[in-house]
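S.K.: Below is a structure I'd like to ask you about.
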Amino acid sequence: MKGKKIMFVGDSLSMNQYESLLCMLHAAAPNSNITRLAREWIRSVTLWDYGVSIMLFTSHYLVDIQQDKIGRRVLNLGSVSSGNLWKQMDVLIFNTWLWWYRKGPKQGWNYIRDGKIISKDMNRMTAFTKALRTWAKWVDSSVDTRKTSVFFQGVSPAHYNGAAWGRPGVRDCSNETKPIAGGLTQSVVPLALKVQQDIIGSIRKPVHFLNITAMSYMRKDGHPASHNGLGGMDCTHWCVAGVPDTWNHILSTILIHSGKRGKESKKLPRQTLAHK
């Protein structure tokens with residue numbers, strides 16, 4: 001990855017993975033000369049000894065939030081204006097889901113636009129699906145996947161319902177010290193994950209789907225709980241070091257093996273490439 005730019009695009013769970021990767025890189029190269037940059041929507045750390053930039057672009061919905069003439073925030077399900085910056089990267093890791101059902105003060109918009117129709121609200125799963133289709137169309141129409149590797153991170157599960165691990169009545173992950181025994185059953189597979197899989201599967205260009213849901217679902221013991229520095233109970237985000245390190249091991253393995261395949265393919269005759 002020497003000389004390349006890696007960007008995470010998404011919400012605070014993308015930040016979780018971004019910070020995990022930075023910690024892992026620092027452990028591997030503790031004396032590297034680095035530069036940090038932080039602006040309203042973007043953060044970056046550049047390791048100058050390797051010329052690698054790790055970046056975070058905050059976008060809770062991937063599609064745009066626009067202001068109308070009287071200052072209202074409108075979530076536009078059909079617009080991805082930040083794509084002009086994104087497609088300049090060498091690696092993109094996208095994520096969205098956490099914010100789609102938020103209401104009240106935590107909702108990031110006042111109105112929602114679907115084509116020509118502007119409404120106060122709509123079915124959130126329908127809105128999520130439409131927005132993700134807009135993003136998928138942007139990938140197919142705008143991203144040169146010969147230069148840019150595209151990843152999409154699946155749903156990161158939260159742990160606020162003890163019935164999921166045999167403790168009905170428990171409402172958070174505090175005092176949990178062991179993973180859930182067994183795996184993710186079909187009865188508790190999030191609908192959002194199925195939507196993501198269907199839409200990612202419909203994209204014509206190569207997109208790697210990081211299906212981290214099942215492995216993360218087991219880790220009820222991996223959240224900061226009350227030890228988050230902000231007060232309250234956090235069973236949504238993850239401790240670092242912890243679960244996001246595993247996500248990054250998977251990411252780096254795919255990048256390394258993709259790079260090796262790319263180098264090998266350059267040595268093959270054209271007819272062999274076409275066959276492969």
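The way I read the labels, and the way they are meant: chains A, B, ... in the order of the structure tokens, residue 1 as the first residue of every chain, and ligand 1 as the first ligand shown, with later ones counted on from there.
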Can you build me a table of range 179-237 of chain A residues sitting at most 7 Å from range 147-169 of chain A, with the closest atom pair per residue and its distance in Å to one decimal, using only C-alpha atoms, sorted by chain and residue number, as a Markdown table?
M.R.:
```
| residue | atom | partner | partner_atom | distance |
| --- | --- | --- | --- | --- |
| A:Ile180 | CA | A:Trp165 | CA | 6.0 |
| A:Leu193 | CA | A:Val155 | CA | 5.8 |
| A:Val207 | CA | A:Val150 | CA | 5.1 |
| A:His208 | CA | A:Phe151 | CA | 4.6 |
| A:Phe209 | CA | A:Phe152 | CA | 5.0 |
| A:Leu210 | CA | A:Gln153 | CA | 4.7 |
| A:Asn211 | CA | A:Gly154 | CA | 5.0 |
| A:Ile212 | CA | A:Gly154 | CA | 5.9 |
| A:Thr213 | CA | A:Ser156 | CA | 5.5 |
| A:Ser216 | CA | A:Pro157 | CA | 6.6 |
| A:Tyr217 | CA | A:Pro157 | CA | 5.5 |
| A:Lys220 | CA | A:His159 | CA | 5.9 |
| A:Cys235 | CA | A:His159 | CA | 5.4 |
| A:Thr236 | CA | A:Ala158 | CA | 4.5 |
```
S.K.: Find the residues around range 23-35 of chain A up to 6 Å (only C-alpha atoms counted), leave out those fewer than 2 positions away in its own chain, and share them as a PyMOL selection string.
M.R.: chain A and resi 20-21+45-49
S.K.: Would you output that residue set with C-alpha atoms, as an mmCIF file, in the first residue's frame?
M.R.:
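Done, and the output landed in selection34.cif:
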```cif
data_model
loop_
_atom_site.group_PDB
_atom_site.id
_atom_site.type_symbol
_atom_site.label_atom_id
_atom_site.label_comp_id
_atom_site.auth_asym_id
_atom_site.auth_seq_id
_atom_site.Cartn_x
_atom_site.Cartn_y
_atom_site.Cartn_z
ATOM 1 C CA SER A 20 -8.310 0.349 15.327
ATOM 2 C CA LEU A 21 -6.293 0.345 12.105
ATOM 3 C CA VAL A 45 -3.061 10.355 9.468
ATOM 4 C CA THR A 46 -0.157 10.030 7.015
ATOM 5 C CA LEU A 47 2.764 7.699 7.734
ATOM 6 C CA TRP A 48 5.486 9.474 5.754
ATOM 7 C CA ASP A 49 8.007 6.642 5.978
#
```
S.K.: Tell me which of A:Arg73, A:Pro190, A:Ser202, A:Arg171 sits closest to Trp135 in chain A, counting only C-alpha atoms.
M.R.: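 For Trp135 in chain A, the nearest of the given residues is A:Ser202.
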S.K.: Of the candidates A:Tyr61, A:Tyr101, A:Trp138, A:Phe8, which shows the shortest atom-to-atom distance to Leu75 in chain A, using only C-alpha atoms?
M.R.: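 With only C-alpha atoms as the atom set, the closest residue is A:Tyr61.
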S.K.: DSSP on the backbone, then: every residue of range 8-146 of chain A marked strand (DSSP E or B), written as a PyMOL selection string.
M.R.: chain A and resi 8-10+34-38+42-47+52-58+64-67+73-76+91-94+111-114+117-119
S.K.: With N, CA and C atoms kept, could you save the residues just selected as a compact mmCIF listing (two decimals), in the first residue's frame?
M.R.:
```
# COMPACT_ATOMS: atom_id res chain seq x y z
N PHE A 8 -11.98 5.44 5.12
CA PHE A 8 -13.21 4.91 5.69
C PHE A 8 -14.29 5.97 5.53
N VAL A 9 -15.46 5.56 5.06
CA VAL A 9 -16.57 6.49 4.86
C VAL A 9 -17.78 5.95 5.60
N GLY A 10 -18.27 6.70 6.58
CA GLY A 10 -19.43 6.22 7.32
C GLY A 10 -19.62 6.94 8.64
N ILE A 34 4.76 10.80 11.37
CA ILE A 34 3.35 10.95 10.98
C ILE A 34 2.91 12.41 11.01
N THR A 35 1.85 12.67 10.24
CA THR A 35 1.17 13.96 10.25
C THR A 35 -0.31 13.72 10.44
N ARG A 36 -0.92 14.47 11.36
CA ARG A 36 -2.37 14.38 11.59
C ARG A 36 -3.07 15.59 11.01
N LEU A 37 -4.27 15.35 10.47
CA LEU A 37 -5.10 16.44 9.95
C LEU A 37 -6.53 16.18 10.41
N ALA A 38 -7.20 17.22 10.93
CA ALA A 38 -8.59 17.07 11.36
C ALA A 38 -9.38 18.29 10.92
N ILE A 42 -13.61 15.39 7.98
CA ILE A 42 -12.57 14.46 7.54
C ILE A 42 -11.38 14.49 8.50
N ARG A 43 -10.83 13.33 8.76
CA ARG A 43 -9.60 13.20 9.53
C ARG A 43 -8.62 12.37 8.71
N SER A 44 -7.33 12.59 8.93
CA SER A 44 -6.35 11.75 8.25
C SER A 44 -5.07 11.67 9.06
N VAL A 45 -4.40 10.56 8.92
CA VAL A 45 -3.06 10.35 9.47
C VAL A 45 -2.20 9.81 8.32
N THR A 46 -1.07 10.47 8.06
CA THR A 46 -0.16 10.03 7.01
C THR A 46 1.12 9.51 7.65
N LEU A 47 1.50 8.28 7.28
CA LEU A 47 2.76 7.70 7.73
C LEU A 47 3.79 7.96 6.63
N VAL A 52 1.74 6.36 3.21
CA VAL A 52 0.37 5.85 3.29
C VAL A 52 -0.48 6.81 4.12
N SER A 53 -1.65 7.15 3.61
CA SER A 53 -2.60 8.00 4.33
C SER A 53 -3.83 7.18 4.70
N ILE A 54 -4.20 7.23 5.98
CA ILE A 54 -5.40 6.58 6.48
C ILE A 54 -6.39 7.69 6.81
N MET A 55 -7.57 7.66 6.20
CA MET A 55 -8.50 8.78 6.30
C MET A 55 -9.88 8.31 6.77
N LEU A 56 -10.59 9.24 7.41
CA LEU A 56 -11.98 9.00 7.84
C LEU A 56 -12.84 10.14 7.34
N PHE A 57 -13.86 9.81 6.56
CA PHE A 57 -14.83 10.80 6.08
C PHE A 57 -16.17 10.48 6.74
N THR A 58 -16.65 11.41 7.57
CA THR A 58 -17.90 11.18 8.29
C THR A 58 -19.10 11.42 7.38
N ASP A 64 -26.68 12.53 0.47
CA ASP A 64 -26.49 13.91 0.91
C ASP A 64 -27.57 14.41 1.86
N ILE A 65 -27.15 15.28 2.78
CA ILE A 65 -28.07 16.12 3.53
C ILE A 65 -27.87 17.54 3.01
N GLN A 66 -28.92 18.11 2.44
CA GLN A 66 -28.84 19.43 1.81
C GLN A 66 -29.74 20.41 2.54
N GLN A 67 -29.36 21.67 2.51
CA GLN A 67 -30.20 22.72 3.12
C GLN A 67 -31.06 23.36 2.05
N ARG A 73 -32.88 20.98 6.87
CA ARG A 73 -31.98 19.91 6.42
C ARG A 73 -32.81 18.82 5.73
N VAL A 74 -32.47 18.55 4.48
CA VAL A 74 -33.23 17.58 3.68
C VAL A 74 -32.33 16.41 3.31
N LEU A 75 -32.70 15.22 3.72
CA LEU A 75 -31.96 14.01 3.36
C LEU A 75 -32.39 13.62 1.95
N ASN A 76 -31.47 13.74 1.00
CA ASN A 76 -31.77 13.46 -0.41
C ASN A 76 -31.34 12.04 -0.75
N VAL A 91 -8.28 2.96 -1.73
CA VAL A 91 -9.11 1.98 -1.03
C VAL A 91 -10.24 2.73 -0.34
N LEU A 92 -11.47 2.26 -0.51
CA LEU A 92 -12.64 2.85 0.14
C LEU A 92 -13.36 1.77 0.93
N ILE A 93 -13.67 2.08 2.20
CA ILE A 93 -14.42 1.16 3.05
C ILE A 93 -15.66 1.90 3.53
N PHE A 94 -16.82 1.53 3.02
CA PHE A 94 -18.07 2.23 3.33
C PHE A 94 -18.85 1.50 4.42
N TYR A 111 -36.34 16.84 6.85
CA TYR A 111 -37.21 16.31 5.81
C TYR A 111 -36.43 15.30 4.98
N ILE A 112 -37.17 14.52 4.20
CA ILE A 112 -36.55 13.50 3.38
C ILE A 112 -37.05 13.63 1.94
N ARG A 113 -36.13 13.57 0.99
CA ARG A 113 -36.48 13.74 -0.41
C ARG A 113 -36.31 12.42 -1.16
N ASP A 114 -37.37 11.99 -1.82
CA ASP A 114 -37.35 10.80 -2.64
C ASP A 114 -37.82 11.19 -4.04
N ILE A 117 -40.50 14.11 -4.46
CA ILE A 117 -41.36 14.16 -3.29
C ILE A 117 -40.54 14.47 -2.03
N ILE A 118 -40.94 15.52 -1.31
CA ILE A 118 -40.31 15.87 -0.04
C ILE A 118 -41.34 15.65 1.07
N SER A 119 -40.99 14.84 2.05
CA SER A 119 -41.93 14.52 3.12
C SER A 119 -41.25 14.64 4.47
```
S.K.: Can you measure CA of Lys194 in chain A to CA of Lys87 in chain A for me? One decimal in Å is fine.
M.R.: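 If I compute the distance from CA of Lys194 in chain A to CA of Lys87 in chain A, I get 25.9 Å.
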S.K.: Taking only C-alpha atoms into account, name the residue in A:Ser258, A:Asp245, A:Trp99, A:Ser174 that is nearest to Asn228 in chain A.
M.R.: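 When distances to Asn228 in chain A are compared using only C-alpha atoms, the smallest one comes from A:Ser174.
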S.K.: To one decimal in Å, tell me the separation between CA of Val189 in chain A and CA of Ala214 in chain A.
M.R.: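 Between CA of Val189 in chain A and CA of Ala214 in chain A the gap is 8.4 Å.
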S.K.: Which one is closest to Pro244 in chain A: A:Met125, A:Leu85, A:Leu230, A:Met215? Count only C-alpha atoms.
M.R.: A:Met215
S.K.: Where does DSSP see helix (DSSP H, G or I) in range 130-197 of chain A, if you list the residues as a list in words?
M.R.: Lys130, Ala131, Leu132, Arg133, Thr134, Trp135, Ala136, Lys137, Trp138, Val139, Asp140, Ser141, Ser142, Gly162, Ala163, Ala164, Trp165, Gln186, Ser187, Val188, Leu191, Ala192, Leu193, Lys194, Val195, Gln196 and Gln197 of chain A
S.K.: Which residue out of A:Leu22, A:His257, A:Arg72, A:Asn175 has the minimum interatomic distance to Ser226 in chain A when only C-alpha atoms are used?
M.R.: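 Between A:Leu22, A:His257, A:Arg72, A:Asn175, the residue approaching Ser226 in chain A most closely is A:Asn175.
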S.K.: If we count only C-alpha atoms and set the cut-off at 12 Å, which residues sit around Val195 in chain A, ignoring sequence neighbours fewer than 4 positions away in its own chain? Please answer as a list in words.
M.R.: Thr96, Trp97, Met125, Thr126, Ala127, Phe128, Thr129, Lys130, Ala131, Leu132, Arg133, Gly154, Val155, Val189, Pro190, Leu191, Ile199, Ile200, Gly201 and Ser202 of chain A
S.K.: List the neighbours of Pro224 in chain A out to 8 Å using only C-alpha atoms; skip same-chain residues closer than 5 positions along the sequence, and give me the result as a list in words.
M.R.: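 Result of the neighbour search: Asp234, Cys235, His237, Trp238 and Cys239 of chain A.
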S.K.: Residues of the last selection are to be written out with N, CA and C atoms, as a short mmCIF file (atom, residue, chain, number, x, y, z; two decimals), in the first residue's frame.
M.R.:
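As a result, part.cif now contains:
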```
data_model
loop_
_atom_site.label_atom_id
_atom_site.label_comp_id
_atom_site.auth_asym_id
_atom_site.auth_seq_id
_atom_site.Cartn_x
_atom_site.Cartn_y
_atom_site.Cartn_z
N ASP A 234 -22.69 2.13 26.61
CA ASP A 234 -22.39 1.96 25.19
C ASP A 234 -22.17 0.49 24.88
N CYS A 235 -23.20 -0.14 24.31
CA CYS A 235 -23.10 -1.52 23.85
C CYS A 235 -23.24 -1.56 22.33
N HIS A 237 -20.65 0.52 20.22
CA HIS A 237 -19.27 0.61 19.74
C HIS A 237 -18.41 -0.46 20.41
N TRP A 238 -17.15 -0.50 20.02
CA TRP A 238 -16.28 -1.60 20.45
C TRP A 238 -15.00 -1.11 21.09
N CYS A 239 -14.50 -1.89 22.04
CA CYS A 239 -13.20 -1.58 22.65
C CYS A 239 -12.10 -1.76 21.61
#
```
